[in-house]
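entry-v9.txt (compact mmCIF, C-alpha atoms) appears below.
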```
# COMPACT_ATOMS: atom_id res chain seq x y z
CA GLY A 1 112.23 111.95 74.36
CA GLN A 2 111.19 110.78 77.80
CA GLN A 3 112.93 107.75 79.17
CA LEU A 4 112.24 105.15 81.77
CA ASN A 5 115.27 103.92 83.64
CA GLN A 6 114.78 100.27 84.46
CA SER A 7 117.12 98.39 86.75
CA PRO A 8 118.76 96.05 87.03
CA GLN A 9 119.43 95.31 83.36
CA SER A 10 119.89 91.63 84.12
CA MET A 11 120.09 89.34 87.07
CA PHE A 12 120.88 85.74 87.89
CA ILE A 13 119.15 84.33 90.92
CA GLN A 14 118.71 80.99 92.59
CA GLU A 15 115.36 79.24 92.44
CA GLY A 16 113.32 80.17 95.51
CA GLU A 17 114.84 83.62 95.92
CA ASP A 18 112.87 86.84 95.81
CA VAL A 19 113.47 89.33 92.99
CA SER A 20 113.06 93.09 92.88
CA MET A 21 113.26 95.45 89.95
CA ASN A 22 112.22 99.05 89.42
CA CYS A 23 111.59 101.81 86.94
CA THR A 24 112.26 105.46 87.56
CA SER A 25 111.80 108.66 85.60
CA SER A 26 111.96 112.40 85.96
CA SER A 27 108.40 112.59 84.55
CA ILE A 28 105.08 112.00 86.27
CA PHE A 29 102.90 109.09 85.19
CA ASN A 30 99.20 108.29 85.45
CA THR A 31 99.49 104.58 84.76
CA TRP A 32 102.16 101.96 85.24
CA LEU A 33 102.12 98.58 83.52
CA TRP A 34 104.43 95.62 84.01
CA TYR A 35 104.98 93.02 81.27
CA LYS A 36 106.88 89.77 80.80
CA GLN A 37 108.22 88.73 77.43
CA ASP A 38 109.36 85.25 76.47
CA PRO A 39 111.62 84.65 73.44
CA GLY A 40 109.76 84.99 70.15
CA GLU A 41 106.59 86.20 71.83
CA GLY A 42 104.88 89.50 72.45
CA PRO A 43 104.91 91.13 75.90
CA VAL A 44 102.24 89.76 78.22
CA LEU A 45 100.64 92.08 80.75
CA LEU A 46 101.28 91.10 84.37
CA ILE A 47 100.03 93.98 86.50
CA ALA A 48 98.42 97.39 85.91
CA LEU A 49 98.61 100.27 88.42
CA TYR A 50 96.48 103.40 88.33
CA LYS A 51 96.93 105.30 91.59
CA ALA A 52 99.92 106.68 93.47
CA GLY A 53 100.77 104.35 96.33
CA GLU A 54 98.73 101.48 94.89
CA LEU A 55 100.03 98.01 95.69
CA THR A 56 98.72 95.18 93.51
CA SER A 57 99.45 91.46 93.48
CA ASN A 58 99.12 88.78 90.84
CA GLY A 59 100.08 85.45 92.37
CA ARG A 60 103.74 85.65 93.37
CA LEU A 61 104.11 89.06 91.72
CA THR A 62 103.57 92.34 93.54
CA ALA A 63 103.92 95.79 92.01
CA GLN A 64 103.67 99.25 93.47
CA PHE A 65 102.93 102.66 91.99
CA GLY A 66 105.40 105.04 93.64
CA ILE A 67 104.02 107.85 95.78
CA THR A 68 105.86 110.48 93.74
CA ARG A 69 104.26 109.02 90.56
CA LYS A 70 107.73 108.92 89.03
CA ASP A 71 108.57 105.30 89.78
CA SER A 72 107.26 101.78 90.11
CA PHE A 73 108.52 98.51 91.57
CA LEU A 74 107.97 94.86 90.78
CA ASN A 75 108.73 92.04 93.18
CA ILE A 76 108.65 88.33 92.43
CA SER A 77 108.60 86.04 95.43
CA ALA A 78 109.98 82.51 95.56
CA SER A 79 111.20 82.51 91.96
CA ILE A 80 110.82 79.40 89.81
CA PRO A 81 112.51 78.45 86.51
CA SER A 82 109.55 79.59 84.40
CA ASP A 83 110.04 83.15 85.68
CA VAL A 84 112.92 83.39 83.22
CA GLY A 85 112.34 86.12 80.65
CA ILE A 86 112.50 89.85 80.13
CA TYR A 87 110.37 92.11 82.30
CA PHE A 88 109.35 95.54 81.06
CA CYS A 89 107.77 98.46 82.77
CA ALA A 90 105.64 100.92 80.83
CA GLY A 91 104.22 104.23 81.90
CA GLN A 92 101.64 106.58 80.48
CA LEU A 93 102.60 110.18 81.03
CA ALA A 94 100.36 112.52 82.96
CA SER A 95 101.00 115.24 80.39
CA GLY A 96 98.02 114.47 78.17
CA THR A 97 99.36 112.06 75.55
CA TYR A 98 98.08 108.64 74.60
CA LYS A 99 101.50 107.07 74.50
CA TYR A 100 103.11 104.44 76.68
CA ILE A 101 106.84 104.71 77.27
CA PHE A 102 108.77 101.52 77.95
CA GLY A 103 111.79 100.74 80.03
CA THR A 104 114.65 98.83 78.42
CA GLY A 105 113.84 95.67 80.33
CA THR A 106 115.25 93.45 83.07
CA ARG A 107 116.47 90.06 81.89
CA LEU A 108 115.89 87.48 84.60
CA LYS A 109 117.67 84.14 84.70
CA VAL A 110 116.79 81.63 87.39
CA LEU A 111 119.28 78.97 88.35
CA ALA A 112 117.65 75.74 89.45
CA ASP B 1 94.25 86.49 75.26
CA ALA B 2 93.30 89.78 73.66
CA GLY B 3 92.12 89.28 70.08
CA ILE B 4 95.06 90.77 68.21
CA THR B 5 96.44 89.29 65.02
CA GLN B 6 99.52 90.55 63.26
CA SER B 7 100.33 89.59 59.70
CA PRO B 8 102.62 88.49 58.34
CA ARG B 9 104.54 86.94 61.24
CA HIS B 10 107.78 86.87 59.29
CA LYS B 11 108.89 88.74 56.18
CA VAL B 12 112.09 89.18 54.24
CA THR B 13 112.17 92.03 51.78
CA GLU B 14 114.68 93.89 49.67
CA THR B 15 115.97 97.38 50.30
CA GLY B 16 113.88 100.01 48.58
CA THR B 17 110.65 98.02 48.38
CA PRO B 18 107.45 99.11 50.15
CA VAL B 19 106.18 96.86 52.93
CA THR B 20 102.86 96.87 54.77
CA LEU B 21 102.25 95.18 58.09
CA ARG B 22 98.75 94.60 59.35
CA CYS B 23 97.31 94.59 62.84
CA HIS B 24 93.78 93.30 63.27
CA GLN B 25 91.83 93.39 66.53
CA THR B 26 88.49 91.91 67.53
CA GLU B 27 88.19 93.81 70.83
CA ASN B 28 86.73 97.07 69.46
CA HIS B 29 89.43 98.99 71.35
CA ARG B 30 89.83 102.63 70.49
CA TYR B 31 93.63 102.94 70.72
CA MET B 32 96.15 101.08 68.59
CA TYR B 33 99.93 101.36 68.59
CA TRP B 34 102.88 100.22 66.52
CA TYR B 35 106.19 99.61 68.29
CA ARG B 36 109.52 98.30 67.12
CA GLN B 37 111.82 96.28 69.34
CA ASP B 38 115.57 96.23 68.89
CA PRO B 39 118.33 94.93 71.17
CA GLY B 40 119.43 97.60 73.60
CA HIS B 41 116.49 99.88 72.81
CA GLY B 42 113.49 98.11 74.23
CA LEU B 43 110.14 98.98 72.70
CA ARG B 44 109.94 102.27 70.85
CA LEU B 45 106.72 103.83 69.60
CA ILE B 46 106.45 104.39 65.84
CA HIS B 47 102.88 105.64 65.40
CA TYR B 48 99.64 105.37 67.27
CA SER B 49 95.95 105.84 66.61
CA TYR B 50 93.26 107.20 68.92
CA GLY B 51 90.37 106.52 66.57
CA VAL B 52 89.42 105.84 62.98
CA LYS B 53 91.50 108.13 60.77
CA ASP B 54 93.09 109.70 63.88
CA THR B 55 96.79 108.98 64.07
CA ASP B 56 99.90 110.61 65.43
CA LYS B 57 103.64 110.12 65.40
CA GLY B 58 105.72 108.38 67.99
CA GLU B 59 109.40 108.78 68.72
CA VAL B 60 110.74 106.84 65.70
CA SER B 61 108.26 107.65 62.93
CA ASP B 62 110.65 108.61 60.11
CA GLY B 63 110.28 106.26 57.14
CA TYR B 64 106.93 104.90 58.35
CA SER B 65 103.33 105.77 57.68
CA VAL B 66 100.10 104.36 59.10
CA SER B 67 96.45 104.20 58.23
CA ARG B 68 93.33 103.30 60.14
CA SER B 69 90.24 103.23 57.97
CA LYS B 70 88.22 101.11 60.40
CA THR B 71 88.35 100.36 64.11
CA GLU B 72 89.71 96.84 63.77
CA ASP B 73 92.65 97.42 61.42
CA PHE B 74 95.84 99.46 61.81
CA LEU B 75 98.32 99.28 58.96
CA LEU B 76 102.01 100.16 59.15
CA THR B 77 103.77 100.94 55.87
CA LEU B 78 107.47 101.21 55.26
CA GLU B 79 107.51 103.40 52.20
CA SER B 80 110.96 102.31 51.02
CA ALA B 81 112.46 99.69 53.31
CA THR B 82 116.02 100.16 54.57
CA SER B 83 118.30 97.78 56.46
CA SER B 84 117.91 99.94 59.59
CA GLN B 85 114.24 98.94 59.62
CA THR B 86 115.11 95.31 60.21
CA SER B 87 113.39 94.72 63.52
CA VAL B 88 110.56 93.01 65.33
CA TYR B 89 107.34 95.01 65.07
CA PHE B 90 104.61 94.81 67.67
CA CYS B 91 101.08 96.07 67.55
CA ALA B 92 99.27 96.93 70.79
CA ILE B 93 95.72 97.94 71.64
CA SER B 94 94.06 99.61 74.59
CA ARG B 95 90.41 100.22 75.31
CA ASP B 96 90.87 103.77 76.51
CA ARG B 97 93.54 106.23 77.49
CA GLY B 98 95.37 105.04 80.58
CA THR B 99 94.01 101.49 80.48
CA GLU B 100 95.90 98.26 79.96
CA ALA B 101 97.67 97.80 76.63
CA PHE B 102 97.75 94.33 75.08
CA PHE B 103 100.28 93.19 72.52
CA GLY B 104 100.17 91.03 69.43
CA GLN B 105 102.65 88.25 68.71
CA GLY B 106 104.94 90.41 66.60
CA THR B 107 106.22 90.51 63.03
CA ARG B 108 109.87 89.82 62.37
CA LEU B 109 110.96 91.91 59.38
CA THR B 110 114.31 91.49 57.69
CA VAL B 111 115.41 93.98 55.05
CA VAL B 112 118.26 92.66 52.87
```

Target format structure tokens, applied to this file:
Amino acid sequence: GQQLNQSPQSMFIQEGEDVSMNCTSSSIFNTWLWYKQDPGEGPVLLIALYKAGELTSNGRLTAQFGITRKDSFLNISASIPSDVGIYFCAGQLASGTYKYIFGTGTRLKVLA
Amino acid sequence: DAGITQSPRHKVTETGTPVTLRCHQTENHRYMYWYRQDPGHGLRLIHYSYGVKDTDKGEVSDGYSVSRSKTEDFLLTLESATSSQTSVYFCAISRDRGTEAFFGQGTRLTVV
């Protein structure tokens, strides 16, 4: 089936640093969603993107819907310890289905 | 938080027994999804529903069935549980196609 390639798989960063992660695919998407998941919890929606080129912020988080509609990016500025967790991208294909496809996640660890 | 309740939250069952997981929503959203989450695989779609009595298969539907007899409830049944179905199961809802999807807290199922 379709896949979303999410990178990096994991990263260690120092508190205060900026973080970037991305999702790419060979398919075209109509919607991109970014989630954060803490241990033992369900994914929590961070940002939703609906248009190619759209740039949306939520506090220190900024996400972009790629112009080709095949990718999306998430940036976290000035990371803090509570940013630790797994970040997932999800896309809804433009090919007429109701399904969201998820990336395999980026595990973020912040060193104080 | 979106009004999504999954039950039970934890279950241990024996191989070969049937198991039913319940997802209940209070948001009157049209779309409901069942995902499973396993290490190294991210979130994979099992089945989804686009209305009462309207369901379709996801990418890992073998061994699972679903039913949606009313808007607020989406049931996932493992007809004869196997050890490979040990996983964390998440329900998600979305108001419409292409809109944000919100997740429940998950059900941890162990098949022994």

What lies within 9 Å of B:Asp38 using all atoms listed in the file, ignoring chain neighbours under 2 positions off, as a compact mmCIF listing (two decimals) with C-alpha atoms, in the coordinates of the input?
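Output (selection_26.txt):
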```
# COMPACT_ATOMS: atom_id res chain seq x y z
CA ARG B 36 109.52 98.30 67.12
CA GLY B 40 119.43 97.60 73.60
CA HIS B 41 116.49 99.88 72.81
CA GLY B 42 113.49 98.11 74.23
CA LEU B 43 110.14 98.98 72.70
CA ARG B 44 109.94 102.27 70.85
CA THR B 86 115.11 95.31 60.21
CA SER B 87 113.39 94.72 63.52
CA VAL B 88 110.56 93.01 65.33
```

- Interface residues on chain B facing chain A, 8 Å, all atoms listed in the file, written as a ChimeraX atom specification: /B:40-45,48,50,58-59,90,97-106

- Query: Suppose you want the space between atom CA of B:Tyr31 and atom CA of B:Ile93; what is it in Å?
  - Reply: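 For atom CA of B:Tyr31 relative to atom CA of B:Ile93, the distance reads 5.5 Å.
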
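Across the structure, atom CA of B:Pro8 and atom CA of A:Tyr87 are spaced 25.4 Å apart.
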
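Here atom CA of A:Asp83 is placed at a distance of 27.4 Å from atom CA of A:Ile67.
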